[in-house]
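Structure file final.tsv (TSV, C-alpha atoms) follows.
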```tsv
chain	number	residue	atom	x	y	z
S	1	MET	CA	-39.66	-19.44	17.57
S	2	LEU	CA	-39.48	-22.18	14.93
S	3	SER	CA	-42.43	-20.71	13.05
S	4	LYS	CA	-40.00	-18.31	11.38
S	5	TYR	CA	-38.49	-21.21	9.42
S	6	SER	CA	-39.81	-22.65	6.16
S	7	GLN	CA	-40.67	-26.34	5.87
S	8	ASN	CA	-37.43	-26.98	3.95
S	9	LYS	CA	-35.37	-25.21	6.62
S	10	LEU	CA	-37.06	-27.24	9.36
S	11	ILE	CA	-36.20	-30.45	7.50
S	12	SER	CA	-32.59	-29.29	7.23
S	13	LEU	CA	-32.51	-28.43	10.95
S	14	LYS	CA	-33.98	-31.82	11.78
S	15	VAL	CA	-31.26	-33.62	9.81
S	16	GLU	CA	-28.51	-31.54	11.44
S	17	ILE	CA	-29.85	-31.93	14.95
S	18	GLU	CA	-30.22	-35.70	14.46
S	19	ALA	CA	-26.59	-35.83	13.32
S	20	LEU	CA	-25.53	-33.86	16.40
S	21	LEU	CA	-27.44	-36.22	18.70
S	22	ASP	CA	-25.80	-39.17	16.98
S	23	LYS	CA	-22.37	-37.59	17.41
S	24	ILE	CA	-22.88	-37.32	21.17
S	25	GLY	CA	-24.15	-40.89	21.47
S	26	TYR	CA	-27.92	-40.51	21.33
S	27	THR	CA	-30.22	-42.51	19.06
S	28	VAL	CA	-33.31	-40.91	17.54
S	29	VAL	CA	-36.17	-43.32	16.90
S	30	TYR	CA	-39.38	-42.51	15.05
S	31	GLY	CA	-42.51	-44.58	15.42
S	32	LYS	CA	-46.13	-44.67	16.38
S	33	GLY	CA	-46.72	-44.39	20.07
S	34	ASP	CA	-49.00	-43.04	22.72
S	35	PHE	CA	-46.81	-40.20	23.97
S	36	LYS	CA	-48.40	-37.40	25.93
S	37	GLU	CA	-46.37	-34.74	24.15
S	38	GLY	CA	-45.51	-36.74	21.03
S	39	THR	CA	-41.96	-37.30	22.22
S	40	CYS	CA	-40.12	-39.27	24.85
S	41	LEU	CA	-36.57	-39.23	26.21
S	42	ILE	CA	-35.11	-42.43	27.61
S	43	GLU	CA	-32.06	-40.99	29.37
S	44	SER	CA	-30.66	-44.33	30.59
S	45	GLU	CA	-30.49	-45.63	27.01
S	46	LYS	CA	-29.55	-42.29	25.41
S	47	LYS	CA	-32.59	-42.62	23.18
S	48	VAL	CA	-34.96	-39.96	21.89
S	49	VAL	CA	-38.29	-41.39	20.74
S	50	ILE	CA	-40.51	-39.23	18.56
S	51	ASN	CA	-44.03	-40.01	17.41
S	52	ASP	CA	-44.34	-39.98	13.61
S	53	TYR	CA	-47.43	-37.81	13.93
S	54	THR	CA	-45.71	-35.03	15.88
S	55	ALA	CA	-45.42	-31.83	13.85
S	56	LEU	CA	-41.97	-31.20	12.36
S	57	ASP	CA	-41.40	-27.97	14.29
S	58	MET	CA	-42.21	-29.75	17.56
S	59	GLN	CA	-39.78	-32.57	16.68
S	60	VAL	CA	-36.96	-30.08	16.13
S	61	ASP	CA	-37.94	-28.14	19.23
S	62	PHE	CA	-37.88	-31.25	21.42
S	63	MET	CA	-34.50	-32.39	20.11
S	64	ALA	CA	-33.08	-28.91	20.73
S	65	GLU	CA	-34.43	-29.07	24.29
S	66	VAL	CA	-32.75	-32.45	24.87
S	67	ILE	CA	-29.43	-31.16	23.53
S	68	SER	CA	-29.64	-27.99	25.61
S	69	ARG	CA	-29.32	-30.15	28.74
S	70	LEU	CA	-26.15	-31.91	27.57
S	71	ASP	CA	-22.46	-31.01	27.74
S	72	LEU	CA	-21.42	-29.80	24.29
S	73	SER	CA	-18.07	-28.32	25.30
S	74	ASN	CA	-16.08	-30.71	23.08
S	75	VAL	CA	-18.49	-30.82	20.14
S	76	PHE	CA	-18.75	-28.50	17.15
S	77	VAL	CA	-22.28	-27.16	16.83
S	78	LEU	CA	-23.44	-25.33	13.73
S	79	PRO	CA	-24.30	-21.70	14.51
S	80	VAL	CA	-27.97	-22.12	13.55
S	81	LEU	CA	-28.25	-25.07	15.94
S	82	ARG	CA	-26.32	-23.22	18.63
S	83	GLU	CA	-28.91	-20.44	18.43
S	84	LEU	CA	-31.77	-22.92	18.95
S	85	ILE	CA	-29.95	-24.65	21.79
S	86	ASP	CA	-29.06	-21.37	23.51
S	87	GLU	CA	-32.70	-20.28	23.37
S	88	LYS	CA	-33.68	-23.52	25.09
S	89	MET	CA	-30.95	-23.13	27.72
S	90	THR	CA	-32.28	-19.73	28.76
S	91	LEU	CA	-35.66	-21.34	29.49
S	92	PHE	CA	-34.06	-23.51	32.19
S	93	GLU	CA	-32.04	-20.80	33.92
```

Just dump the structure as structure tokens.
Amino acid sequence: MLSKYSQNKLISLKVEIEALLDKIGYTVVYGKGDFKEGTCLIESEKKVVINDYTALDMQVDFMAEVISRLDLSNVFVLPVLRELIDEKMTLFE
């Protein structure tokens, strides 16, 4: 799914999705860690932890998955992000 985007587009998506997470009260932290999938969600702290070594497309994909589980009814979401989020939502239905 994300393979259709260029590296520059993925960087742009990453910035936008981080801003959206921030807007809804989540903190995104990057660092070196021993994560099974390269990412970790600490729901109780509203924190998304991403391993620095995780591929960019996987970082964006994971953040979209996190957001797809949240209530966005009162938040403006850019159409390109909405598309990613909606694709993730259909995986959980």

Just need the box for region 58-65 of chain S, edges along x, y and z, holding every atom the file lists for it with 6 Å tacked onto each side, so centre and edge lengths in Å to one decimal, as JSON.
```
{"center_x": -37.6, "center_y": -30.4, "center_z": 20.2, "size_x": 21.1, "size_y": 16.4, "size_z": 20.2}
```

Notebook entry, point to check: When you draw a straight line from CA of Lys23 (chain S) to CA of Glu87 (chain S), how long is it in Å?
Noted result: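 One can read the CA of Lys23 (chain S) to CA of Glu87 (chain S) distance as 21.0 Å.
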
**Item:** Atom pair CA of Gln59 (chain S) / CA of Leu41 (chain S): separation (Å)
**Value:**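 Between CA of Gln59 (chain S) and CA of Leu41 (chain S) the gap is 12.1 Å.
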
Shortest contact to Asp71 (chain S), candidates S:Ile42, S:Val29, S:Val49, S:Leu21, atoms counted all atoms listed in the file, goes to S:Leu21

Using only C-alpha atoms for the distances, tell me which of S:Ile11, S:Val48, S:Leu81, S:Met89 is nearest to Phe62 (chain S).
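Using only C-alpha atoms, Phe62 (chain S) sits closest to S:Val48.
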
Checklist entry - What is the CA of Glu43 (chain S)-CA of Ala64 (chain S) distance in Å, reported with one decimal? => result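 Interatomic distance, CA of Glu43 (chain S) to CA of Ala64 (chain S): 14.9 Å.
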
* Using all atoms listed in the file, find all polymer residues with an atom at most 12 Å away from the point (-32.9, -39.0, 18.9); report them as a ChimeraX atom specification. => /S:14-31,39-43,45-51,59-67

Q. Which of these, S:Ser73, S:Arg82, S:Asp57, S:Ser44, has the shortest distance to Tyr5 (chain S) once you count only C-alpha atoms?
A.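 Checking each of S:Ser73, S:Arg82, S:Asp57, S:Ser44 against Tyr5 (chain S), counting only C-alpha atoms, the winner is S:Asp57.
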
Next on the checklist: Calculated over all atoms listed in the file, which of the candidates S:Gln7, S:Ile85, S:Leu2, S:Leu56 has the smallest distance to Leu72 (chain S)?
Outcome noted: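 Closest residue, counting all atoms listed in the file: S:Ile85.
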
- request: Go through S:Lys32, S:Leu13, S:Thr90, S:Met58 one by one, measure the shortest atom-to-atom distance of each to Val77 (chain S) using only C-alpha atoms, and give the residue with the smallest value.
  value: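 Among S:Lys32, S:Leu13, S:Thr90, S:Met58, it is S:Leu13 that comes nearest to Val77 (chain S).
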